[in-house]
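Undergrad: First the structure, then my questions, so here it is.
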Amino acid sequence: MNNLTLGESLELLIDNRGKNPPFTDTGIPVISAKHVKGGKLHLREARFVSPETYRSWMPVALMENDVILTSEAPLGRVALVKDSLPLVLAQRLYGLRGRRGVLDSKFLFYALQTGGLQAQLLARSSGTTVVGIRQPELLKLQIPAPDYPEQRKISALLGALDDKIAANDQIIAGALDLADALHAQAVGDSSPGEDTFASIAAVFGGGTPRTAEPSYWDGDILWTTPSDVTALPSPYLFGTKRMITSAGLESCASRLYPAGSIFMTSRATIGAFAVPQRPAAVNQGFIVVIPKDPALRWWLFHEMRSRVDEMLSLANGSTFLELSRKNFKAMTVRLASPEAIAEFDAKAEALHRRAAHAAQETQTLTELRDTLLPKLMSGAIKVRDAEKAVDVSYDGV
């Protein structure tokens with residue numbers, strides 16, 4: 001295992017920090033730091049430049065497997081370019097390409113996510129209000145790396161895990177979109193009738209055990225906060241950051257809600273959803289819905305998802321917006337015929353079962369990848385040993 005100096009191991013460094021191109025309504029997408037999340041580029045809300053601006057702004061085009069690194073606000077997020085379609089780098093970003101035979105770009109992508117490289121970025125950063133890293137300091141980074149062929153094997157193995165995670169993400173998104181569409185089709189032109197959320201479901205809230213009481217915490221009961229839900233890539237809750245004890249549950253306003261309940265955040269962020277896959281409690285930032293008729297669970301889930309804007313209009317508060325249980329319970333519900341709801345429920349149940357299975361597999365794969373990443377990068381384990389733990393389609397290099 002040798003240390004490679006980043007500046008001596010790059011074929012290309014693109015640095016457009018501190019400036020933005022002139023934008024247009026359509027054209028070539030522009031990447032900014034806010035589009036780099038979770039190792040991926042999220043370009044749905046990207047702005048654009050004209051083809052002429054692209055040619056002048058990006059004299060050297062980005063290529064597949066180039067690495068995007070945020071230089072500040074926030075520092076140290078990375079993404080991998082997945083194809084060779086034209087893209088423009090805006091401010092607060094670096095584009096990096098490893099030198100062939102010296103530093104594999106995909107290996108660099110994974111290496112930059114390890115604790116050691118993240119610590120180096122922070123140690124070489126500057127600034128008080130906004131922390132960032134300048135190009136001269138970036139180029140001094142020391143990257144622990146095996147020889148080039150081993151780098152490629154490591155990146156191929158980790159890439160296989162990421163490819164399976166991406167495939168699961170598509171399954172989940174497709175299932176949710178289809179279930180939303182089926183609900184909208186079943187609703188049709190129906191108007192809300194006399195039934196309210198309060199009349200067809202039990203509506204609850206939550207609470208927080210006293211934090212200064214150790215006997216209330218670190219138990220085996222899931223205790224859900226809005227940040228647990230807003231961090232989810234899909235609306236299926238398998239675990240929480242904090243756990244409480246039976247004594248903690250008894251001390252607070254939350255019940256232990258059964259698996260399959262509908263959790264919706266009701267303050268600050270209103271309208272983030274989760275369906276717990278095991279019994280769980282919640283804090284005071286939730287509205288919890290349990291249909292009186294179990295056959296209405298997915299109907300109400302999608303009815304709520306489709307009416308978040310209406311819920312926002314009913315929220316109030318000076319410090320942050322909050323939707324009260326009183327206002328929520330009074331909302332009328334759109335209901336189709338019993339036959340249409342039964343047909344929808346059967347289809348939605350199958351879609352959500354498949355999506356939840358994919359989400360659980362993704363969680364397992366993500367934990368495996370995050371466990372293997374630092375060990376492979378440090379040389380603590382070899383690729384041939386890590387392959388035994390990876391049950392995905394994988395073609396070694």
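Ordering of the structure tokens sets the chain letters (A, B, ...); residue numbers start at 1 within each chain; ligands are numbered from 1 in the order shown.
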Any chance you could list, as number ranges by chain, the residues in range 34-247 of chain A that come up alpha helix (DSSP H) when DSSP is run on the backbone?
TA: A: 51-57, 105-111, 115-123, 135-138, 148-187, 197-200, 226-230, 246-247
Undergrad: Can you spit out the residues from that selection as a compact mmCIF listing (two decimals), in the first residue's frame, using C-alpha atoms?
TA:
# COMPACT_ATOMS: atom_id res chain seq x y z
CA PRO A 51 -24.39 25.02 -26.31
CA GLU A 52 -22.14 28.02 -27.04
CA THR A 53 -21.58 28.68 -23.35
CA TYR A 54 -20.91 24.98 -22.77
CA ARG A 55 -18.15 24.93 -25.38
CA SER A 56 -16.44 27.99 -23.92
CA TRP A 57 -16.97 27.00 -20.28
CA SER A 105 -10.99 7.41 -11.11
CA LYS A 106 -13.61 5.10 -9.58
CA PHE A 107 -11.13 4.11 -6.88
CA LEU A 108 -10.62 7.83 -6.19
CA PHE A 109 -14.40 8.27 -5.92
CA TYR A 110 -14.60 5.64 -3.20
CA ALA A 111 -11.37 6.71 -1.48
CA GLY A 115 -12.88 8.81 6.99
CA GLY A 116 -9.17 9.29 6.35
CA LEU A 117 -9.60 11.34 3.18
CA GLN A 118 -12.54 13.28 4.62
CA ALA A 119 -10.33 14.16 7.62
CA GLN A 120 -7.56 15.33 5.28
CA LEU A 121 -9.99 17.54 3.38
CA LEU A 122 -11.15 19.13 6.61
CA ALA A 123 -7.60 19.54 7.95
CA GLN A 135 -6.81 23.92 -5.17
CA PRO A 136 -3.17 24.01 -3.87
CA GLU A 137 -4.24 22.28 -0.67
CA LEU A 138 -6.45 19.80 -2.49
CA TYR A 148 -3.43 0.15 -10.29
CA PRO A 149 -4.84 -3.33 -11.14
CA GLU A 150 -5.88 -3.81 -7.50
CA GLN A 151 -7.48 -0.35 -7.49
CA ARG A 152 -9.62 -1.40 -10.44
CA LYS A 153 -10.67 -4.62 -8.73
CA ILE A 154 -11.70 -2.69 -5.62
CA SER A 155 -13.71 -0.13 -7.57
CA ALA A 156 -15.37 -2.86 -9.65
CA LEU A 157 -16.46 -4.75 -6.54
CA LEU A 158 -17.84 -1.65 -4.81
CA GLY A 159 -19.38 -0.55 -8.09
CA ALA A 160 -21.27 -3.84 -8.36
CA LEU A 161 -22.85 -3.11 -4.99
CA ASP A 162 -23.77 0.42 -6.08
CA ASP A 163 -25.26 -0.90 -9.33
CA LYS A 164 -27.51 -3.26 -7.39
CA ILE A 165 -28.53 -0.42 -5.07
CA ALA A 166 -29.34 1.75 -8.11
CA ALA A 167 -31.44 -1.05 -9.62
CA ASN A 168 -33.38 -1.33 -6.36
CA ASP A 169 -33.90 2.44 -6.34
CA GLN A 170 -35.53 2.16 -9.77
CA ILE A 171 -37.78 -0.67 -8.59
CA ILE A 172 -38.90 1.40 -5.59
CA ALA A 173 -39.49 4.59 -7.58
CA GLY A 174 -41.42 2.69 -10.25
CA ALA A 175 -43.60 0.93 -7.69
CA LEU A 176 -44.44 4.16 -5.85
CA ASP A 177 -45.17 6.05 -9.06
CA LEU A 178 -47.45 3.28 -10.30
CA ALA A 179 -49.31 3.07 -6.98
CA ASP A 180 -49.77 6.86 -6.99
CA ALA A 181 -51.13 6.66 -10.55
CA LEU A 182 -53.50 3.81 -9.66
CA HIS A 183 -54.83 5.83 -6.73
CA ALA A 184 -55.33 8.91 -8.89
CA GLN A 185 -57.14 6.79 -11.48
CA ALA A 186 -59.39 5.24 -8.84
CA VAL A 187 -60.18 8.64 -7.33
CA PHE A 197 -59.68 11.12 8.53
CA ALA A 198 -61.04 11.07 12.08
CA SER A 199 -64.11 9.04 11.09
CA ILE A 200 -62.30 6.30 9.19
CA PRO A 226 -38.64 13.50 11.62
CA SER A 227 -34.94 13.36 10.68
CA ASP A 228 -35.19 9.55 10.60
CA VAL A 229 -37.96 9.87 8.02
CA THR A 230 -36.63 12.73 5.89
CA SER A 246 -40.23 0.16 27.89
CA ALA A 247 -39.96 2.64 30.76
Undergrad: Identify which of the residues A:Phe273, A:Ser191, A:Asn283, A:Leu43 lies closest to Leu222 in chain A, counting only C-alpha atoms when measuring atom-to-atom distances.
TA: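 Looking at the shortest contact to Leu222 in chain A, the residue is A:Asn283.
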Undergrad: Contacts between range 331-334 of chain A and range 166-276 of chain A, please, where a residue of range 166-276 of chain A counts if it comes within 6 Å (with only C-alpha atoms); show its shortest atom pair and distance in Å to one decimal, rows by chain and ascending number, as JSON lines.
TA:
{"residue": "A:Ser191", "atom": "CA", "partner": "A:Arg334", "partner_atom": "CA", "distance": 5.9}
{"residue": "A:Pro192", "atom": "CA", "partner": "A:Arg334", "partner_atom": "CA", "distance": 4.3}
{"residue": "A:Asp195", "atom": "CA", "partner": "A:Thr332", "partner_atom": "CA", "distance": 5.6}
{"residue": "A:Thr196", "atom": "CA", "partner": "A:Thr332", "partner_atom": "CA", "distance": 4.0}
Undergrad: Could you save the residues just selected, with N, CA and C atoms, as an mmCIF file, in the first residue's frame?
TA:
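Output saved as result02.cif:
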data_model
loop_
_atom_site.group_PDB
_atom_site.id
_atom_site.type_symbol
_atom_site.label_atom_id
_atom_site.label_comp_id
_atom_site.auth_asym_id
_atom_site.auth_seq_id
_atom_site.Cartn_x
_atom_site.Cartn_y
_atom_site.Cartn_z
ATOM 1 N N SER A 191 -65.100 13.926 -5.435
ATOM 2 C CA SER A 191 -64.896 15.001 -4.470
ATOM 3 C C SER A 191 -64.965 14.403 -3.071
ATOM 4 N N PRO A 192 -64.281 15.039 -2.108
ATOM 5 C CA PRO A 192 -64.389 14.544 -0.729
ATOM 6 C C PRO A 192 -65.840 14.508 -0.282
ATOM 7 N N ASP A 195 -66.984 11.664 4.928
ATOM 8 C CA ASP A 195 -65.999 10.960 5.740
ATOM 9 C C ASP A 195 -64.757 11.819 5.934
ATOM 10 N N THR A 196 -64.256 11.832 7.152
ATOM 11 C CA THR A 196 -63.023 12.550 7.471
ATOM 12 C C THR A 196 -61.961 11.536 7.900
#
Undergrad: Which residues, written as number ranges by chain, have at least one atom at most 12 Å from His42 in chain A, with only C-alpha atoms counted and residues fewer than 3 positions away on the same chain left out?
TA: A: 29-39, 45-47, 78-82
Undergrad: Between CA of Leu4 in chain A and CA of Ser126 in chain A, what is the distance, to one decimal in Å?
TA: 22.8 Å
Undergrad: Name the closest residue to Ala145 in chain A among the candidates A:Asn3, A:Phe344, A:Ala359, A:Ala330; distances are taken between atoms, counting only C-alpha atoms.
TA: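 So, comparing all the options, the nearest one is A:Asn3.
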Undergrad: Which residue gives the smallest distance to Ala272 in chain A among A:Asp309, A:Arg297, A:Thr245, A:Glu8, with only C-alpha atoms counted?
TA: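 Distance minimum relative to Ala272 in chain A lands on A:Asp309.
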Undergrad: Neighbours of Glu250 in chain A within 12 Å (only C-alpha atoms; same-chain residues fewer than 5 positions away dropped), as a PyMOL selection string?
TA: chain A and resi 206-210+215-217+221+244-245+255-256+281
Undergrad: Deliver the residues from the most recent selection as a file, using C-alpha atoms, as a short mmCIF file (atom, residue, chain, number, x, y, z; two decimals), in the first residue's frame.
TA:
data_model
loop_
_atom_site.label_atom_id
_atom_site.label_comp_id
_atom_site.auth_asym_id
_atom_site.auth_seq_id
_atom_site.Cartn_x
_atom_site.Cartn_y
_atom_site.Cartn_z
CA GLY A 206 -46.08 11.12 19.84
CA GLY A 207 -43.75 12.35 22.54
CA THR A 208 -40.20 12.36 23.87
CA PRO A 209 -39.01 10.62 27.02
CA ARG A 210 -37.04 12.81 29.42
CA SER A 215 -33.21 4.37 32.07
CA TYR A 216 -35.46 5.66 29.28
CA TRP A 217 -32.87 5.33 26.51
CA ILE A 221 -37.87 0.02 20.95
CA ILE A 244 -35.96 3.77 23.96
CA THR A 245 -36.81 1.34 26.74
CA ARG A 255 -47.79 4.58 21.92
CA LEU A 256 -45.97 1.64 20.39
CA ALA A 281 -42.85 4.91 18.70
#
